[in-house]
>>> print(open('structure.cif').read())   # mmCIF, N, CA and C atoms
data_query
#
loop_
_atom_site.label_atom_id
_atom_site.label_comp_id
_atom_site.auth_asym_id
_atom_site.auth_seq_id
_atom_site.Cartn_x
_atom_site.Cartn_y
_atom_site.Cartn_z
N ALA S 1 82.96 90.57 100.93
CA ALA S 1 84.27 91.21 100.87
C ALA S 1 84.06 92.69 100.59
N VAL S 2 84.81 93.52 101.28
CA VAL S 2 84.72 94.96 101.10
C VAL S 2 86.10 95.45 100.69
N GLU S 3 86.17 96.09 99.51
CA GLU S 3 87.42 96.62 99.03
C GLU S 3 87.66 97.99 99.65
N MET S 4 88.83 98.17 100.23
CA MET S 4 89.24 99.45 100.80
C MET S 4 90.56 99.82 100.15
N PRO S 5 90.99 101.05 100.29
CA PRO S 5 92.27 101.43 99.68
C PRO S 5 93.41 100.52 100.15
N GLY S 6 93.95 99.73 99.23
CA GLY S 6 95.08 98.87 99.52
C GLY S 6 94.79 97.63 100.32
N SER S 7 93.52 97.30 100.55
CA SER S 7 93.23 96.12 101.36
C SER S 7 91.80 95.64 101.13
N TRP S 8 91.52 94.46 101.66
CA TRP S 8 90.19 93.87 101.61
C TRP S 8 89.77 93.47 103.02
N LEU S 9 88.57 93.81 103.40
CA LEU S 9 87.95 93.28 104.62
C LEU S 9 87.08 92.13 104.16
N VAL S 10 87.35 90.94 104.65
CA VAL S 10 86.61 89.75 104.23
C VAL S 10 85.88 89.20 105.45
N ALA S 11 84.55 89.21 105.39
CA ALA S 11 83.75 88.84 106.56
C ALA S 11 82.85 87.66 106.27
N GLU S 12 82.55 86.94 107.31
CA GLU S 12 81.58 85.86 107.27
C GLU S 12 80.62 86.08 108.43
N VAL S 13 79.33 86.04 108.14
CA VAL S 13 78.32 86.18 109.17
C VAL S 13 77.79 84.79 109.48
N THR S 14 77.78 84.42 110.75
CA THR S 14 77.28 83.11 111.14
C THR S 14 76.09 83.25 112.07
N THR S 15 75.22 82.30 112.00
CA THR S 15 74.08 82.27 112.91
C THR S 15 74.26 81.19 113.97
N SER S 16 75.44 80.58 114.01
CA SER S 16 75.70 79.52 114.98
C SER S 16 75.56 80.05 116.40
N ARG S 17 74.79 79.37 117.17
CA ARG S 17 74.57 79.74 118.57
C ARG S 17 75.41 78.86 119.49
N LEU S 18 75.66 79.37 120.67
CA LEU S 18 76.39 78.62 121.68
C LEU S 18 75.57 77.45 122.19
N ARG S 19 76.27 76.42 122.60
CA ARG S 19 75.61 75.36 123.34
C ARG S 19 75.30 75.90 124.73
N ARG S 20 74.28 75.39 125.32
CA ARG S 20 73.89 75.83 126.66
C ARG S 20 75.04 75.66 127.66
N GLU S 21 75.80 74.57 127.52
CA GLU S 21 76.90 74.29 128.45
C GLU S 21 78.02 75.33 128.31
N THR S 22 78.24 75.80 127.09
CA THR S 22 79.27 76.82 126.87
C THR S 22 78.83 78.14 127.48
N ALA S 23 77.59 78.52 127.22
CA ALA S 23 77.08 79.78 127.74
C ALA S 23 77.12 79.82 129.26
N ALA S 24 76.89 78.67 129.89
CA ALA S 24 76.91 78.61 131.36
C ALA S 24 78.31 78.39 131.91
N ALA S 25 79.29 78.22 131.01
CA ALA S 25 80.70 78.01 131.40
C ALA S 25 80.87 76.82 132.32
N VAL S 26 80.15 75.73 132.02
CA VAL S 26 80.25 74.54 132.86
C VAL S 26 80.92 73.37 132.16
N ASP S 27 81.19 73.49 130.87
CA ASP S 27 81.73 72.35 130.14
C ASP S 27 82.77 72.82 129.13
N GLU S 28 84.02 72.52 129.41
CA GLU S 28 85.11 72.94 128.52
C GLU S 28 85.01 72.26 127.16
N SER S 29 84.55 71.01 127.14
CA SER S 29 84.43 70.31 125.86
C SER S 29 83.37 70.95 124.97
N ALA S 30 82.32 71.52 125.57
CA ALA S 30 81.30 72.22 124.79
C ALA S 30 81.90 73.46 124.15
N LEU S 31 82.73 74.19 124.89
CA LEU S 31 83.40 75.37 124.32
C LEU S 31 84.27 74.96 123.15
N CYS S 32 85.03 73.88 123.31
CA CYS S 32 85.89 73.42 122.22
C CYS S 32 85.07 73.02 120.99
N ALA S 33 83.93 72.38 121.21
CA ALA S 33 83.06 72.00 120.09
C ALA S 33 82.50 73.24 119.40
N ASP S 34 82.12 74.25 120.18
CA ASP S 34 81.63 75.49 119.58
C ASP S 34 82.72 76.21 118.81
N VAL S 35 83.93 76.20 119.34
CA VAL S 35 85.06 76.83 118.63
C VAL S 35 85.34 76.07 117.34
N ASP S 36 85.29 74.74 117.37
CA ASP S 36 85.51 73.95 116.16
C ASP S 36 84.47 74.30 115.08
N LYS S 37 83.23 74.54 115.51
CA LYS S 37 82.18 74.91 114.55
C LYS S 37 82.51 76.26 113.92
N LEU S 38 83.07 77.18 114.72
CA LEU S 38 83.43 78.49 114.18
C LEU S 38 84.62 78.40 113.23
N VAL S 39 85.54 77.48 113.50
CA VAL S 39 86.66 77.27 112.57
C VAL S 39 86.13 76.88 111.20
N GLU S 40 85.08 76.07 111.18
CA GLU S 40 84.45 75.69 109.90
C GLU S 40 83.89 76.93 109.19
N GLU S 41 83.38 77.89 109.94
CA GLU S 41 82.88 79.14 109.34
C GLU S 41 84.03 79.95 108.74
N VAL S 42 85.19 79.91 109.40
CA VAL S 42 86.36 80.65 108.91
C VAL S 42 86.84 80.07 107.58
N GLU S 43 86.52 78.82 107.30
CA GLU S 43 86.86 78.24 106.00
C GLU S 43 86.26 79.07 104.86
N GLN S 44 85.08 79.65 105.08
CA GLN S 44 84.45 80.50 104.06
C GLN S 44 85.27 81.76 103.82
N ILE S 45 85.79 82.34 104.88
CA ILE S 45 86.63 83.54 104.75
C ILE S 45 87.90 83.17 103.98
N ASP S 46 88.50 82.05 104.34
CA ASP S 46 89.72 81.61 103.68
C ASP S 46 89.47 81.37 102.19
N ALA S 47 88.33 80.77 101.86
CA ALA S 47 87.99 80.52 100.45
C ALA S 47 87.80 81.84 99.69
N ALA S 48 87.19 82.83 100.34
CA ALA S 48 87.00 84.13 99.69
C ALA S 48 88.34 84.80 99.44
N ILE S 49 89.25 84.72 100.40
CA ILE S 49 90.58 85.30 100.22
C ILE S 49 91.30 84.61 99.07
N SER S 50 91.20 83.30 99.00
CA SER S 50 91.83 82.56 97.89
C SER S 50 91.25 83.00 96.55
N ALA S 51 89.93 83.21 96.51
CA ALA S 51 89.30 83.66 95.27
C ALA S 51 89.77 85.06 94.89
N LEU S 52 89.90 85.93 95.86
CA LEU S 52 90.39 87.29 95.58
C LEU S 52 91.82 87.25 95.07
N ARG S 53 92.64 86.40 95.65
CA ARG S 53 94.03 86.28 95.20
C ARG S 53 94.10 85.77 93.76
N SER S 54 93.21 84.85 93.41
CA SER S 54 93.29 84.23 92.09
C SER S 54 92.61 85.05 91.00
N ARG S 55 91.69 85.96 91.35
CA ARG S 55 90.96 86.74 90.36
C ARG S 55 90.87 88.22 90.73
N PRO S 56 91.96 88.85 91.08
CA PRO S 56 91.84 90.25 91.53
C PRO S 56 91.35 91.19 90.43
N GLY S 57 91.66 90.93 89.18
CA GLY S 57 91.23 91.81 88.10
C GLY S 57 89.73 91.82 87.89
N ALA S 58 89.06 90.73 88.23
CA ALA S 58 87.62 90.64 88.04
C ALA S 58 86.84 91.43 89.08
N LEU S 59 87.52 91.85 90.14
CA LEU S 59 86.82 92.50 91.24
C LEU S 59 87.05 93.99 91.34
N GLY S 60 87.77 94.56 90.41
CA GLY S 60 87.97 96.00 90.46
C GLY S 60 89.39 96.38 90.10
N SER S 61 89.58 97.66 89.88
CA SER S 61 90.90 98.13 89.46
C SER S 61 91.86 98.32 90.62
N HIS S 62 91.34 98.45 91.84
CA HIS S 62 92.21 98.63 93.01
C HIS S 62 92.44 97.28 93.67
N ARG S 63 93.59 96.74 93.48
CA ARG S 63 93.89 95.42 94.03
C ARG S 63 94.41 95.57 95.46
N GLY S 64 93.74 94.90 96.38
CA GLY S 64 94.15 94.96 97.77
C GLY S 64 95.45 94.21 98.00
N THR S 65 96.23 94.69 98.91
CA THR S 65 97.49 94.04 99.23
C THR S 65 97.46 93.39 100.60
N ARG S 66 96.41 93.63 101.38
CA ARG S 66 96.29 93.06 102.72
C ARG S 66 94.85 92.63 102.93
N PHE S 67 94.67 91.51 103.61
CA PHE S 67 93.34 90.97 103.89
C PHE S 67 93.08 91.03 105.39
N TYR S 68 91.90 91.52 105.75
CA TYR S 68 91.47 91.61 107.14
C TYR S 68 90.26 90.71 107.34
N PRO S 69 90.46 89.51 107.90
CA PRO S 69 89.35 88.58 108.09
C PRO S 69 88.56 88.92 109.36
N VAL S 70 87.23 88.88 109.22
CA VAL S 70 86.35 89.18 110.35
C VAL S 70 85.23 88.14 110.37
N LEU S 71 85.02 87.56 111.54
CA LEU S 71 83.91 86.63 111.75
C LEU S 71 82.87 87.36 112.58
N ILE S 72 81.65 87.43 112.06
CA ILE S 72 80.56 88.14 112.75
C ILE S 72 79.63 87.10 113.36
N LEU S 73 79.49 87.19 114.68
CA LEU S 73 78.72 86.20 115.44
C LEU S 73 77.41 86.78 115.95
N PRO S 74 76.46 85.90 116.25
CA PRO S 74 75.23 86.40 116.88
C PRO S 74 75.56 86.88 118.30
N ASP S 75 74.68 87.67 118.86
CA ASP S 75 74.88 88.15 120.22
C ASP S 75 75.02 86.98 121.19
N GLY S 76 75.84 87.16 122.19
CA GLY S 76 75.93 86.17 123.25
C GLY S 76 77.17 85.30 123.25
N PHE S 77 77.93 85.30 122.16
CA PHE S 77 79.14 84.49 122.18
C PHE S 77 80.18 85.21 123.03
N PRO S 78 80.80 84.51 123.98
CA PRO S 78 81.76 85.18 124.87
C PRO S 78 83.08 85.45 124.15
N ILE S 79 83.20 86.63 123.56
CA ILE S 79 84.41 87.00 122.87
C ILE S 79 85.37 87.56 123.91
N GLY S 80 86.41 86.83 124.18
CA GLY S 80 87.40 87.25 125.16
C GLY S 80 88.74 86.65 124.81
N ALA S 81 89.71 86.86 125.67
CA ALA S 81 91.06 86.40 125.40
C ALA S 81 91.12 84.88 125.23
N VAL S 82 90.40 84.14 126.06
CA VAL S 82 90.46 82.67 125.99
C VAL S 82 89.76 82.16 124.74
N SER S 83 88.52 82.58 124.51
CA SER S 83 87.78 82.06 123.36
C SER S 83 88.41 82.52 122.04
N LEU S 84 88.87 83.77 121.97
CA LEU S 84 89.52 84.25 120.75
C LEU S 84 90.84 83.52 120.53
N GLY S 85 91.59 83.28 121.60
CA GLY S 85 92.84 82.52 121.49
C GLY S 85 92.60 81.10 121.00
N LEU S 86 91.57 80.45 121.54
CA LEU S 86 91.23 79.09 121.09
C LEU S 86 90.82 79.09 119.62
N LEU S 87 90.04 80.08 119.22
CA LEU S 87 89.59 80.16 117.83
C LEU S 87 90.77 80.41 116.90
N ARG S 88 91.63 81.36 117.24
CA ARG S 88 92.78 81.64 116.38
C ARG S 88 93.71 80.43 116.30
N GLN S 89 93.87 79.70 117.41
CA GLN S 89 94.71 78.50 117.39
C GLN S 89 94.09 77.43 116.49
N GLY S 90 92.77 77.26 116.58
CA GLY S 90 92.08 76.31 115.71
C GLY S 90 92.22 76.66 114.24
N VAL S 91 92.18 77.95 113.93
CA VAL S 91 92.35 78.42 112.56
C VAL S 91 93.76 78.11 112.08
N ARG S 92 94.76 78.37 112.92
CA ARG S 92 96.16 78.05 112.55
C ARG S 92 96.33 76.55 112.35
N ASP S 93 95.78 75.75 113.28
CA ASP S 93 95.91 74.29 113.18
C ASP S 93 95.27 73.75 111.91
N ALA S 94 94.21 74.42 111.44
CA ALA S 94 93.53 74.00 110.21
C ALA S 94 94.22 74.53 108.95
N GLY S 95 95.26 75.34 109.13
CA GLY S 95 95.98 75.89 107.99
C GLY S 95 95.22 76.99 107.26
N LEU S 96 94.32 77.65 107.96
CA LEU S 96 93.49 78.69 107.35
C LEU S 96 94.09 80.07 107.59
N LEU S 97 93.74 81.01 106.73
CA LEU S 97 94.15 82.41 106.83
C LEU S 97 95.66 82.55 106.92
N ALA S 98 96.34 81.71 106.16
CA ALA S 98 97.81 81.72 106.15
C ALA S 98 98.32 82.75 105.16
N GLY S 99 99.50 83.23 105.42
CA GLY S 99 100.16 84.16 104.51
C GLY S 99 100.44 85.48 105.19
N GLY S 100 101.51 86.09 104.78
CA GLY S 100 101.92 87.37 105.35
C GLY S 100 100.99 88.52 105.00
N ASP S 101 100.10 88.30 104.02
CA ASP S 101 99.17 89.35 103.63
C ASP S 101 97.83 89.27 104.35
N VAL S 102 97.72 88.36 105.34
CA VAL S 102 96.47 88.19 106.07
C VAL S 102 96.67 88.61 107.52
N ALA S 103 95.87 89.55 107.97
CA ALA S 103 95.90 90.00 109.36
C ALA S 103 95.29 88.92 110.26
N PRO S 104 95.53 88.98 111.56
CA PRO S 104 94.89 88.02 112.46
C PRO S 104 93.36 88.14 112.41
N LEU S 105 92.70 87.01 112.58
CA LEU S 105 91.24 86.97 112.58
C LEU S 105 90.70 87.85 113.70
N GLU S 106 89.70 88.65 113.36
CA GLU S 106 88.97 89.43 114.36
C GLU S 106 87.55 88.90 114.44
N VAL S 107 86.96 89.03 115.62
CA VAL S 107 85.62 88.53 115.85
C VAL S 107 84.79 89.66 116.46
N VAL S 108 83.61 89.89 115.91
CA VAL S 108 82.68 90.86 116.47
C VAL S 108 81.30 90.22 116.53
N ASP S 109 80.49 90.70 117.47
CA ASP S 109 79.11 90.22 117.48
C ASP S 109 78.21 91.31 116.90
N LEU S 110 76.97 90.98 116.70
CA LEU S 110 76.07 91.90 116.01
C LEU S 110 75.90 93.22 116.75
N THR S 111 75.92 93.20 118.08
CA THR S 111 75.80 94.44 118.84
C THR S 111 77.00 95.34 118.58
N GLU S 112 78.20 94.77 118.61
CA GLU S 112 79.40 95.55 118.32
C GLU S 112 79.37 96.09 116.89
N LEU S 113 78.89 95.29 115.97
CA LEU S 113 78.82 95.72 114.57
C LEU S 113 77.88 96.92 114.41
N GLU S 114 76.76 96.89 115.10
CA GLU S 114 75.85 98.03 115.05
C GLU S 114 76.51 99.29 115.60
N MET S 115 77.30 99.16 116.66
CA MET S 115 78.01 100.31 117.21
C MET S 115 79.04 100.83 116.21
N LEU S 116 79.79 99.92 115.58
CA LEU S 116 80.80 100.32 114.60
C LEU S 116 80.16 101.02 113.40
N GLU S 117 78.99 100.56 113.03
CA GLU S 117 78.28 101.13 111.88
C GLU S 117 78.00 102.62 112.10
N ASN S 118 77.80 103.00 113.34
CA ASN S 118 77.47 104.39 113.65
C ASN S 118 78.70 105.27 113.85
N VAL S 119 79.91 104.69 113.88
CA VAL S 119 81.12 105.46 114.13
C VAL S 119 81.44 106.39 112.97
N GLY S 120 81.30 105.94 111.78
CA GLY S 120 81.63 106.76 110.62
C GLY S 120 81.66 105.90 109.38
N SER S 121 81.90 106.54 108.27
CA SER S 121 81.94 105.77 107.04
C SER S 121 83.05 106.28 106.15
N MET S 122 83.46 105.42 105.24
CA MET S 122 84.45 105.76 104.23
C MET S 122 83.98 105.16 102.92
N PRO S 123 84.38 105.72 101.81
CA PRO S 123 83.94 105.15 100.54
C PRO S 123 84.53 103.76 100.33
N VAL S 124 83.67 102.79 100.12
CA VAL S 124 84.13 101.42 99.90
C VAL S 124 83.31 100.80 98.78
N THR S 125 83.83 99.74 98.22
CA THR S 125 83.12 98.95 97.24
C THR S 125 82.85 97.58 97.86
N THR S 126 81.62 97.15 97.87
CA THR S 126 81.26 95.87 98.46
C THR S 126 81.08 94.85 97.35
N VAL S 127 81.67 93.69 97.54
CA VAL S 127 81.57 92.60 96.58
C VAL S 127 81.04 91.39 97.32
N VAL S 128 79.94 90.86 96.89
CA VAL S 128 79.38 89.65 97.50
C VAL S 128 79.88 88.47 96.71
N MET S 129 80.50 87.53 97.42
CA MET S 129 81.07 86.35 96.75
C MET S 129 80.44 85.10 97.34
N ARG S 130 80.13 84.19 96.52
CA ARG S 130 79.68 82.86 96.95
C ARG S 130 80.78 81.89 96.58
N THR S 131 81.33 81.21 97.58
CA THR S 131 82.41 80.25 97.29
C THR S 131 81.98 78.85 97.64
#
>>> encode(input="structure.cif", output="structure tokens")
Amino acid sequence: AVEMPGSWLVAEVTTSRLRRETAAAVDESALCADVDKLVEEVEQIDAAISALRSRPGALGSHRGTRFYPVLILPDGFPIGAVSLGLLRQGVRDAGLLAGGDVAPLEVVDLTELEMLENVGSMPVTTVVMRT
């Protein structure tokens, strides 16, 4: 979790790889199974947000009012309108990341993250949480 002025960026890094059938776009059920596995990863983000809500004083004097969930994937996952839509729908169906203070789930891969890292920086406080 990264505390920013008035908000928290809550990220989960996964090493889950695509099934061969998903990568080759030959099996819709493989894509659904891969998306279901990612929904399980989002449970960690949801748990971190719940912990921040329940113990904001223990994490610093600046209490965030908005949560930005981010799932970081290994290179190669096809992040697009269809896969992101399926993932967000799976997250909603599981009752995760609920609440008006939570932004829609964003997904980035490691290559995109490296590019973002070079864009610029702002003063932030990083808090590592194990839930």
>>> closest_residue(input="structure.cif", among="S:Gly85, S:Val107, S:Tyr68, S:Glu41", to="S:Met4", atoms="only C-alpha atoms")
S:Tyr68
>>> closest_residue(input="structure.cif", among="S:Leu110, S:Ala11, S:Ala33, S:Met115", to="S:Asp75", atoms="only C-alpha atoms")
S:Leu110
>>> residues_near_point(input="structure.cif", point="(90.9, 89.3, 117.7)", cutoff="6 Å", atoms="only N, CA and C atoms", output="ChimeraX atom specification")
/S:104-107
>>> write_last_selection(input="structure.cif", atoms="N, CA and C atoms", output="PDB file, in the coordinates of the input")
ATOM      1  N   PRO S 104      95.530  88.980 111.560  1.00  0.00           N
ATOM      2  CA  PRO S 104      94.890  88.020 112.460  1.00  0.00           C
ATOM      3  C   PRO S 104      93.360  88.140 112.410  1.00  0.00           C
ATOM      4  N   LEU S 105      92.700  87.010 112.580  1.00  0.00           N
ATOM      5  CA  LEU S 105      91.240  86.970 112.580  1.00  0.00           C
ATOM      6  C   LEU S 105      90.700  87.850 113.700  1.00  0.00           C
ATOM      7  N   GLU S 106      89.700  88.650 113.360  1.00  0.00           N
ATOM      8  CA  GLU S 106      88.970  89.430 114.360  1.00  0.00           C
ATOM      9  C   GLU S 106      87.550  88.900 114.440  1.00  0.00           C
ATOM     10  N   VAL S 107      86.960  89.030 115.620  1.00  0.00           N
ATOM     11  CA  VAL S 107      85.620  88.530 115.850  1.00  0.00           C
ATOM     12  C   VAL S 107      84.790  89.660 116.460  1.00  0.00           C
TER      13      VAL S 107
END
>>> residues_near_point(input="structure.cif", point="(85.0, 82.2, 102.1)", cutoff="10 Å", atoms="only C-alpha atoms", output="VMD selection string")
chain S and resid 1 10 to 12 41 to 52 69 129 to 131
>>> closest_residue(input="structure.cif", among="S:Val70, S:Ser29, S:Val35, S:Thr15", to="S:Leu87", atoms="all atoms listed in the file")
S:Val35
>>> atom_distance(input="structure.cif", atom1="atom CA of S:Val13", atom2="atom C of S:Leu73")
6.9 Å
>>> atom_distance(input="structure.cif", atom1="atom N of S:Leu71", atom2="atom N of S:Val39")
10.3 Å
>>> atom_distance(input="structure.cif", atom1="atom CA of S:Asp93", atom2="atom CA of S:Asp34")
15.7 Å
>>> residues_around(input="structure.cif", residues="S:Thr65", least_positions_apart="4", cutoff="8 Å", atoms="all atoms listed in the file", output="number ranges by chain")
S: 4-8, 100-102
>>> select_by_dssp(input="structure.cif", residues="stretch 41-120 of chain S", states="helix (DSSP H, G or I)", output="PyMOL selection string")
chain S and resi 41-54+56-59+81-93+110-117
